[in-house]
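File shown here: run.cif, holding mmCIF, C-alpha atoms.
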```cif
data_coords
loop_
_atom_site.group_PDB
_atom_site.id
_atom_site.type_symbol
_atom_site.label_atom_id
_atom_site.label_comp_id
_atom_site.auth_asym_id
_atom_site.auth_seq_id
_atom_site.Cartn_x
_atom_site.Cartn_y
_atom_site.Cartn_z
ATOM 1 C CA MET A 101 17.818 -75.246 -53.586
ATOM 2 C CA THR A 102 14.216 -74.072 -53.832
ATOM 3 C CA GLU A 103 12.087 -73.522 -50.769
ATOM 4 C CA ARG A 104 8.333 -73.166 -50.626
ATOM 5 C CA LEU A 105 5.864 -72.487 -47.873
ATOM 6 C CA ALA A 106 3.606 -75.506 -47.529
ATOM 7 C CA ASN A 107 0.458 -75.480 -45.435
ATOM 8 C CA ALA A 108 -2.193 -77.692 -43.903
ATOM 9 C CA ILE A 109 -5.015 -75.164 -44.096
ATOM 10 C CA LYS A 110 -7.334 -77.360 -46.140
ATOM 11 C CA SER A 111 -7.081 -80.378 -43.843
ATOM 12 C CA GLU A 112 -7.324 -78.275 -40.663
ATOM 13 C CA ARG A 113 -10.242 -76.327 -42.138
ATOM 14 C CA GLU A 114 -12.075 -79.527 -43.002
ATOM 15 C CA LYS A 115 -11.315 -80.892 -39.520
ATOM 16 C CA ALA A 116 -12.971 -77.781 -38.082
ATOM 17 C CA SER A 117 -15.905 -78.219 -40.524
ATOM 18 C CA LEU A 118 -15.362 -74.774 -42.005
ATOM 19 C CA THR A 119 -15.872 -73.681 -45.592
ATOM 20 C CA GLN A 120 -13.398 -71.335 -47.270
ATOM 21 C CA ALA A 121 -15.981 -68.561 -46.963
ATOM 22 C CA ALA A 122 -16.518 -69.206 -43.239
ATOM 23 C CA LEU A 123 -12.773 -69.164 -42.559
ATOM 24 C CA ALA A 124 -12.425 -66.016 -44.682
ATOM 25 C CA GLU A 125 -15.118 -64.330 -42.595
ATOM 26 C CA GLN A 126 -13.355 -65.286 -39.362
ATOM 27 C CA VAL A 127 -9.996 -63.853 -40.390
ATOM 28 C CA GLY A 128 -11.388 -60.863 -42.326
ATOM 29 C CA VAL A 129 -10.136 -61.584 -45.840
ATOM 30 C CA SER A 130 -11.874 -62.598 -49.073
ATOM 31 C CA ARG A 131 -12.549 -66.225 -49.964
ATOM 32 C CA LYS A 132 -10.179 -66.007 -52.922
ATOM 33 C CA THR A 133 -7.310 -65.068 -50.608
ATOM 34 C CA ILE A 134 -8.004 -68.197 -48.526
ATOM 35 C CA ASN A 135 -8.162 -70.193 -51.770
ATOM 36 C CA THR A 136 -4.809 -68.888 -53.032
ATOM 37 C CA VAL A 137 -3.112 -69.431 -49.659
ATOM 38 C CA GLU A 138 -4.523 -72.980 -49.465
ATOM 39 C CA ASN A 139 -3.240 -73.780 -52.949
ATOM 40 C CA GLY A 140 0.194 -72.294 -52.280
ATOM 41 C CA VAL A 141 -0.276 -69.597 -54.933
ATOM 42 C CA PHE A 142 0.000 -66.741 -52.439
ATOM 43 C CA THR A 143 2.350 -66.537 -49.448
ATOM 44 C CA PRO A 144 0.438 -64.831 -46.636
ATOM 45 C CA SER A 145 1.836 -62.151 -44.365
ATOM 46 C CA ALA A 146 2.840 -63.114 -40.823
ATOM 47 C CA THR A 147 -0.292 -61.334 -39.575
ATOM 48 C CA LEU A 148 -2.600 -63.403 -41.773
ATOM 49 C CA ALA A 149 -0.724 -66.629 -40.960
ATOM 50 C CA ILE A 150 -1.208 -66.019 -37.225
ATOM 51 C CA LYS A 151 -4.875 -65.097 -37.717
ATOM 52 C CA LEU A 152 -5.427 -68.323 -39.697
ATOM 53 C CA ALA A 153 -3.715 -70.391 -36.998
ATOM 54 C CA GLN A 154 -5.855 -68.748 -34.316
ATOM 55 C CA ALA A 155 -9.057 -69.286 -36.298
ATOM 56 C CA LEU A 156 -8.225 -72.964 -36.780
ATOM 57 C CA SER A 157 -6.957 -73.347 -33.177
ATOM 58 C CA VAL A 158 -3.588 -74.817 -34.168
ATOM 59 C CA PRO A 159 -0.028 -73.545 -33.649
ATOM 60 C CA VAL A 160 1.184 -71.542 -36.649
ATOM 61 C CA GLU A 161 4.137 -73.901 -37.211
ATOM 62 C CA GLN A 162 1.681 -76.783 -37.518
ATOM 63 C CA LEU A 163 -0.233 -74.872 -40.179
ATOM 64 C CA PHE A 164 2.770 -73.621 -42.170
ATOM 65 C CA TRP A 165 6.172 -75.149 -42.763
ATOM 66 C CA ILE A 166 9.026 -74.752 -45.222
ATOM 67 C CA GLU A 167 9.371 -77.495 -47.809
ATOM 68 C CA ARG A 168 12.757 -78.012 -49.458
ATOM 69 C CA MET B 104 -25.978 -62.569 -48.392
ATOM 70 C CA THR B 105 -22.801 -62.031 -46.354
ATOM 71 C CA ALA B 106 -20.076 -59.458 -47.008
ATOM 72 C CA ILE B 107 -17.866 -62.337 -48.232
ATOM 73 C CA ASP B 108 -20.416 -63.261 -50.926
ATOM 74 C CA ILE B 109 -20.942 -59.641 -51.988
ATOM 75 C CA ALA B 110 -17.167 -59.076 -52.198
ATOM 76 C CA GLU B 111 -16.761 -62.290 -54.205
ATOM 77 C CA ARG B 112 -19.410 -61.216 -56.729
ATOM 78 C CA ARG B 113 -18.066 -57.687 -57.006
ATOM 79 C CA ALA B 114 -14.492 -58.939 -57.451
ATOM 80 C CA ARG B 115 -15.615 -61.184 -60.319
ATOM 81 C CA ASN B 116 -17.579 -58.337 -61.926
ATOM 82 C CA ARG B 117 -14.571 -56.049 -61.509
ATOM 83 C CA ALA B 118 -12.312 -58.586 -63.253
ATOM 84 C CA PHE B 119 -14.699 -58.886 -66.231
ATOM 85 C CA ALA B 120 -15.068 -55.091 -66.358
ATOM 86 C CA PHE B 121 -11.270 -54.779 -66.467
ATOM 87 C CA LEU B 122 -11.074 -57.204 -69.402
ATOM 88 C CA PHE B 123 -13.793 -55.280 -71.242
ATOM 89 C CA LEU B 124 -12.138 -51.919 -70.526
ATOM 90 C CA ALA B 125 -8.759 -53.250 -71.684
ATOM 91 C CA ALA B 126 -10.256 -54.595 -74.932
ATOM 92 C CA LEU B 127 -12.117 -51.323 -75.542
ATOM 93 C CA THR B 128 -8.975 -49.229 -74.946
ATOM 94 C CA CYS B 129 -7.021 -51.398 -77.415
ATOM 95 C CA ALA B 130 -9.804 -51.173 -80.002
ATOM 96 C CA VAL B 131 -10.002 -47.370 -79.714
ATOM 97 C CA MET B 132 -6.206 -47.095 -79.978
ATOM 98 C CA VAL B 133 -6.165 -49.228 -83.137
ATOM 99 C CA PHE B 134 -8.957 -47.038 -84.565
ATOM 100 C CA VAL B 135 -7.008 -43.855 -83.721
ATOM 101 C CA ARG B 136 -3.756 -45.213 -85.210
ATOM 102 C CA SER B 137 -5.484 -46.388 -88.387
ATOM 103 C CA GLY B 138 -5.683 -42.764 -89.427
ATOM 104 C CA ARG B 139 -9.464 -42.594 -89.259
ATOM 105 C CA GLY B 140 -9.459 -41.358 -85.693
ATOM 106 C CA SER B 141 -10.787 -37.881 -85.048
ATOM 107 C CA ASP B 142 -9.994 -35.615 -82.129
ATOM 108 C CA PHE B 143 -12.969 -37.210 -80.409
ATOM 109 C CA ALA B 144 -11.436 -40.682 -80.783
ATOM 110 C CA GLN B 145 -8.123 -39.344 -79.410
ATOM 111 C CA GLY B 146 -9.969 -37.899 -76.438
ATOM 112 C CA LEU B 147 -11.891 -41.133 -75.952
ATOM 113 C CA TRP B 148 -8.630 -43.114 -75.913
ATOM 114 C CA LEU B 149 -7.120 -40.727 -73.374
ATOM 115 C CA GLY B 150 -10.282 -40.846 -71.239
ATOM 116 C CA LEU B 151 -10.353 -44.653 -71.325
ATOM 117 C CA LEU B 152 -6.684 -44.820 -70.383
ATOM 118 C CA PHE B 153 -7.281 -42.434 -67.498
ATOM 119 C CA GLY B 154 -10.250 -44.565 -66.415
ATOM 120 C CA CYS B 155 -8.078 -47.689 -66.524
ATOM 121 C CA VAL B 156 -5.412 -46.029 -64.355
ATOM 122 C CA LEU B 157 -8.037 -44.959 -61.819
ATOM 123 C CA ASN B 158 -9.442 -48.492 -61.749
ATOM 124 C CA LEU B 159 -6.011 -49.918 -60.999
ATOM 125 C CA LEU B 160 -5.811 -47.772 -57.865
ATOM 126 C CA PRO B 161 -7.604 -48.819 -54.650
ATOM 127 C CA ILE B 162 -9.691 -45.625 -54.669
ATOM 128 C CA LYS B 163 -12.740 -47.172 -52.976
ATOM 129 C CA ARG B 164 -10.605 -48.206 -49.998
ATOM 130 C CA TRP B 165 -9.288 -44.658 -49.712
ATOM 131 C CA LEU B 166 -12.807 -43.213 -49.883
ATOM 132 C CA ARG B 167 -14.566 -45.778 -47.670
ATOM 133 C CA PRO B 168 -11.920 -47.369 -45.425
ATOM 134 C CA ASN B 169 -14.459 -48.637 -42.866
ATOM 135 C CA SER B 170 -16.709 -50.581 -45.254
ATOM 136 C CA ASP B 171 -16.424 -54.365 -44.776
ATOM 137 C CA VAL B 172 -16.988 -55.124 -48.459
ATOM 138 C CA THR B 173 -14.453 -52.500 -49.574
ATOM 139 C CA ARG B 174 -11.899 -53.948 -47.168
ATOM 140 C CA LEU B 175 -12.506 -57.445 -48.544
ATOM 141 C CA LEU B 176 -12.213 -56.132 -52.112
ATOM 142 C CA ASP B 177 -8.745 -54.860 -51.272
ATOM 143 C CA ASP B 178 -7.404 -57.476 -48.874
ATOM 144 C CA GLU B 179 -3.809 -58.637 -48.916
ATOM 145 C CA GLY B 180 -4.380 -61.185 -51.680
ATOM 146 C CA THR B 181 -5.853 -58.495 -53.946
ATOM 147 C CA ARG B 182 -3.057 -56.070 -53.049
ATOM 148 C CA ALA B 183 -0.501 -58.721 -54.046
ATOM 149 C CA ASN B 184 -2.334 -59.245 -57.357
ATOM 150 C CA ARG B 185 -2.415 -55.486 -57.956
ATOM 151 C CA GLN B 186 1.288 -55.178 -57.209
ATOM 152 C CA LEU B 187 2.169 -58.056 -59.567
ATOM 153 C CA SER B 188 -0.074 -56.736 -62.350
ATOM 154 C CA CYS B 189 1.477 -53.260 -62.119
ATOM 155 C CA THR B 190 4.933 -54.869 -62.363
ATOM 156 C CA ILE B 191 3.785 -56.778 -65.469
ATOM 157 C CA GLY B 192 2.418 -53.523 -66.924
ATOM 158 C CA PHE B 193 5.720 -51.768 -66.271
ATOM 159 C CA TRP B 194 7.713 -54.470 -68.075
ATOM 160 C CA ALA B 195 5.243 -54.534 -70.980
ATOM 161 C CA ALA B 196 5.727 -50.766 -71.392
ATOM 162 C CA VAL B 197 9.527 -51.179 -71.266
ATOM 163 C CA VAL B 198 9.454 -53.958 -73.899
ATOM 164 C CA VAL B 199 7.251 -51.895 -76.249
ATOM 165 C CA ALA B 200 9.436 -48.803 -75.742
ATOM 166 C CA LEU B 201 12.564 -50.828 -76.577
ATOM 167 C CA ALA B 202 10.829 -52.342 -79.612
ATOM 168 C CA PHE B 203 10.046 -48.821 -80.882
ATOM 169 C CA GLN B 204 13.611 -47.720 -80.179
ATOM 170 C CA LEU B 205 14.805 -50.598 -82.373
ATOM 171 C CA ALA B 206 12.157 -49.938 -85.029
ATOM 172 C CA SER B 207 13.129 -46.260 -85.238
ATOM 173 C CA HIS B 208 16.482 -47.320 -86.742
ATOM 174 C CA PHE B 209 14.618 -48.738 -89.741
ATOM 175 C CA ASN B 210 11.855 -46.139 -89.864
ATOM 176 C CA PRO B 211 13.029 -42.779 -88.481
ATOM 177 C CA ALA B 212 9.616 -41.264 -89.265
ATOM 178 C CA ILE B 213 8.041 -42.846 -86.173
ATOM 179 C CA GLY B 214 6.657 -39.964 -84.143
ATOM 180 C CA ALA B 215 6.780 -39.378 -80.406
ATOM 181 C CA GLU B 216 2.966 -39.266 -80.224
ATOM 182 C CA GLU B 217 2.669 -42.715 -81.773
ATOM 183 C CA VAL B 218 5.329 -44.171 -79.476
ATOM 184 C CA GLY B 219 3.742 -42.592 -76.420
ATOM 185 C CA GLN B 220 0.340 -43.952 -77.350
ATOM 186 C CA TYR B 221 1.597 -47.501 -77.862
ATOM 187 C CA VAL B 222 3.781 -47.518 -74.727
ATOM 188 C CA ALA B 223 1.036 -46.121 -72.489
ATOM 189 C CA THR B 224 -1.586 -48.491 -73.896
ATOM 190 C CA ALA B 225 0.696 -51.533 -73.623
ATOM 191 C CA GLY B 226 1.602 -50.751 -70.010
ATOM 192 C CA ILE B 227 -1.888 -49.993 -68.741
ATOM 193 C CA VAL B 228 -3.734 -52.646 -70.741
ATOM 194 C CA SER B 229 -1.238 -55.377 -69.729
ATOM 195 C CA ALA B 230 -1.660 -54.411 -66.086
ATOM 196 C CA MET B 231 -5.458 -54.490 -66.416
ATOM 197 C CA ILE B 232 -5.493 -57.900 -68.117
ATOM 198 C CA ALA B 233 -2.955 -59.344 -65.653
ATOM 199 C CA PHE B 234 -4.986 -58.093 -62.679
ATOM 200 C CA ALA B 235 -8.229 -59.501 -64.086
ATOM 201 C CA LEU B 236 -6.701 -62.906 -64.829
ATOM 202 C CA LEU B 237 -4.998 -63.120 -61.418
ATOM 203 C CA GLU B 238 -8.287 -62.260 -59.702
ATOM 204 C CA LEU B 239 -10.263 -64.785 -61.747
ATOM 205 C CA ARG B 240 -7.660 -67.487 -61.072
ATOM 206 C CA ALA B 241 -7.779 -66.736 -57.343
ATOM 207 C CA ALA B 242 -11.576 -66.985 -57.321
ATOM 208 C CA ARG B 243 -11.646 -70.454 -58.892
#
```
Can you present the structure in this file as structure tokens?
Amino acid sequence: MTERLANAIKSEREKASLTQAALAEQVGVSRKTINTVENGVFTPSATLAIKLAQALSVPVEQLFWIER
Amino acid sequence: MTAIDIAERRARNRAFAFLFLAALTCAVMVFVRSGRGSDFAQGLWLGLLFGCVLNLLPIKRWLRPNSDVTRLLDDEGTRANRQLSCTIGFWAAVVVALAFQLASHFNPAIGAEEVGQYVATAGIVSAMIAFALLELRAAR
């Protein structure tokens, strides 16, 4: 059974009216890292996941979940 | 222009520079192996390879750890890309080394210098190309 880390970064980011660049600036990473996390290409570290959740003001489990 | 924009532009330039450097290293190696290569061409190949290796290392972050742009140019996404590209380079070198091992059964005259040159070039150039493509894909 394959598992993947799904996320709601794009929808939460749009809800907060933030661009990828603005979110990247808030969490201190490059825009391409935000882009790859959003598209599920890159699995972020726990540190980055928590920073993203804090920046978007949502619980981390609402932002990331495991899809089977 | 914010640090994010500067880092974005520099990352794209770095990716294109990596592709150019990889192509140049391959071209010089082909020239050297064609038998027309002088000692200068051999030295150029070695210098280019050394330059490629240095470029694959996060030297700027080591030298300027407090710069915002440098930190963004080596964030965790970039580190993951670097790690994956070095793994790809390692496997490319292994495959080429095994191919030469097999080829040596049919042509025992293959020299160690030739093998070393091909293995080193395959490993480093594959890593450079993989890193550049991963970075360009991430920036889309």
Considering only C-alpha atoms, give me a table of residues in chain A that are at most 8 Å from chain B, with the closest atom pair and distance in Å for each, as JSON lines.
```
{"residue": "A:Ala121", "atom": "CA", "partner": "B:Ile107", "partner_atom": "CA", "distance": 6.6}
{"residue": "A:Ala124", "atom": "CA", "partner": "B:Ile107", "partner_atom": "CA", "distance": 7.5}
{"residue": "A:Glu125", "atom": "CA", "partner": "B:Ile107", "partner_atom": "CA", "distance": 6.6}
{"residue": "A:Gly128", "atom": "CA", "partner": "B:Leu175", "partner_atom": "CA", "distance": 7.2}
{"residue": "A:Val129", "atom": "CA", "partner": "B:Leu175", "partner_atom": "CA", "distance": 5.5}
{"residue": "A:Ser130", "atom": "CA", "partner": "B:Leu175", "partner_atom": "CA", "distance": 5.2}
{"residue": "A:Arg131", "atom": "CA", "partner": "B:Ile107", "partner_atom": "CA", "distance": 6.8}
{"residue": "A:Lys132", "atom": "CA", "partner": "B:Ala242", "partner_atom": "CA", "distance": 4.7}
{"residue": "A:Thr133", "atom": "CA", "partner": "B:Gly180", "partner_atom": "CA", "distance": 5.0}
{"residue": "A:Asn135", "atom": "CA", "partner": "B:Ala241", "partner_atom": "CA", "distance": 6.6}
{"residue": "A:Thr136", "atom": "CA", "partner": "B:Ala241", "partner_atom": "CA", "distance": 5.7}
{"residue": "A:Phe142", "atom": "CA", "partner": "B:Gly180", "partner_atom": "CA", "distance": 7.1}
{"residue": "A:Pro144", "atom": "CA", "partner": "B:Glu179", "partner_atom": "CA", "distance": 7.8}
```
So which residues get picked by the PyMOL selection byres ((chain B and resi 227-232) around 7) here, written as a PDB file with C-alpha atoms, in the coordinates of the input?
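After the write, expr18.pdb holds the following:
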```pdb
ATOM      1  CA  PHE B 121     -11.270 -54.779 -66.467  1.00  0.00           C
ATOM      2  CA  LEU B 122     -11.074 -57.204 -69.402  1.00  0.00           C
ATOM      3  CA  ALA B 125      -8.759 -53.250 -71.684  1.00  0.00           C
ATOM      4  CA  CYS B 155      -8.078 -47.689 -66.524  1.00  0.00           C
ATOM      5  CA  VAL B 156      -5.412 -46.029 -64.355  1.00  0.00           C
ATOM      6  CA  SER B 188      -0.074 -56.736 -62.350  1.00  0.00           C
ATOM      7  CA  CYS B 189       1.477 -53.260 -62.119  1.00  0.00           C
ATOM      8  CA  ILE B 191       3.785 -56.778 -65.469  1.00  0.00           C
ATOM      9  CA  GLY B 192       2.418 -53.523 -66.924  1.00  0.00           C
ATOM     10  CA  ALA B 195       5.243 -54.534 -70.980  1.00  0.00           C
ATOM     11  CA  ALA B 223       1.036 -46.121 -72.489  1.00  0.00           C
ATOM     12  CA  THR B 224      -1.586 -48.491 -73.896  1.00  0.00           C
ATOM     13  CA  ALA B 225       0.696 -51.533 -73.623  1.00  0.00           C
ATOM     14  CA  GLY B 226       1.602 -50.751 -70.010  1.00  0.00           C
ATOM     15  CA  ALA B 233      -2.955 -59.344 -65.653  1.00  0.00           C
ATOM     16  CA  PHE B 234      -4.986 -58.093 -62.679  1.00  0.00           C
ATOM     17  CA  ALA B 235      -8.229 -59.501 -64.086  1.00  0.00           C
ATOM     18  CA  LEU B 236      -6.701 -62.906 -64.829  1.00  0.00           C
TER      19      LEU B 236
END
```
**OP:** Quick one: everything within 8 Å of Glu217 of chain B, counting all atoms listed in the file, minus sequence neighbours fewer than 4 positions away in the same chain. Send it as number ranges by chain.
**Re:** B: 136, 213, 221
Filtering to C-alpha atoms, could you give me those residues as a CSV table (one decimal), in the coordinates of the input?
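Okay, part32.csv is ready:
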```csv
chain,number,residue,atom,x,y,z
B,136,ARG,CA,-3.8,-45.2,-85.2
B,213,ILE,CA,8.0,-42.8,-86.2
B,221,TYR,CA,1.6,-47.5,-77.9
```
Starting from the PyMOL selection byres ((chain B and resi 151) around 9), expand the selection into actual residues of this file and give them as a short mmCIF file (atom, residue, chain, number, x, y, z; two decimals) with C-alpha atoms, in the coordinates of the input.
```cif
data_model
loop_
_atom_site.label_atom_id
_atom_site.label_comp_id
_atom_site.auth_asym_id
_atom_site.auth_seq_id
_atom_site.Cartn_x
_atom_site.Cartn_y
_atom_site.Cartn_z
CA LEU B 124 -12.14 -51.92 -70.53
CA ALA B 125 -8.76 -53.25 -71.68
CA LEU B 127 -12.12 -51.32 -75.54
CA THR B 128 -8.98 -49.23 -74.95
CA VAL B 131 -10.00 -47.37 -79.71
CA GLY B 146 -9.97 -37.90 -76.44
CA LEU B 147 -11.89 -41.13 -75.95
CA TRP B 148 -8.63 -43.11 -75.91
CA LEU B 149 -7.12 -40.73 -73.37
CA GLY B 150 -10.28 -40.85 -71.24
CA LEU B 152 -6.68 -44.82 -70.38
CA PHE B 153 -7.28 -42.43 -67.50
CA GLY B 154 -10.25 -44.56 -66.42
CA CYS B 155 -8.08 -47.69 -66.52
CA VAL B 156 -5.41 -46.03 -64.36
#
```
Original post:
Applied to this file, what does the PyMOL selection byres ((chain B and resi 200) around 10) return in terms of residues, put as JSON, numbers by chain?
Top reply: {"B": [194, 195, 196, 197, 198, 199, 201, 202, 203, 204, 205, 206, 218, 219, 221, 222, 223, 225, 226]}
Original post:
atom CA of Leu237 of chain B and atom CA of Ala126 of chain B are how many Å apart?
Top reply: 16.8 Å
**OP:** To one decimal in Å, tell me the separation between atom CA of Phe164 of chain A and atom CA of Ile109 of chain A.
**Re:** 8.2 Å
Subject >> segment 152-155 of chain A environment, 12 Å, all atoms listed in the file, sequence neighbours closer than 4 positions dropped, as number ranges by chain >> reply: A: 107-110, 112-113, 116, 118, 120, 122-129, 133-134, 137-138, 144-148, 159-164
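Near Arg104 of chain A, within 12 Å and counting all atoms listed in the file, sit Asn139, Gly140, Val141, Phe142, Thr143, Phe164, Trp165, Ile166, Glu167 and Arg168 of chain A; same-chain residues fewer than 6 positions away were not included.
Between atom CA of Thr119 of chain A and atom CA of Phe119 of chain B lies a distance of 25.4 Å.
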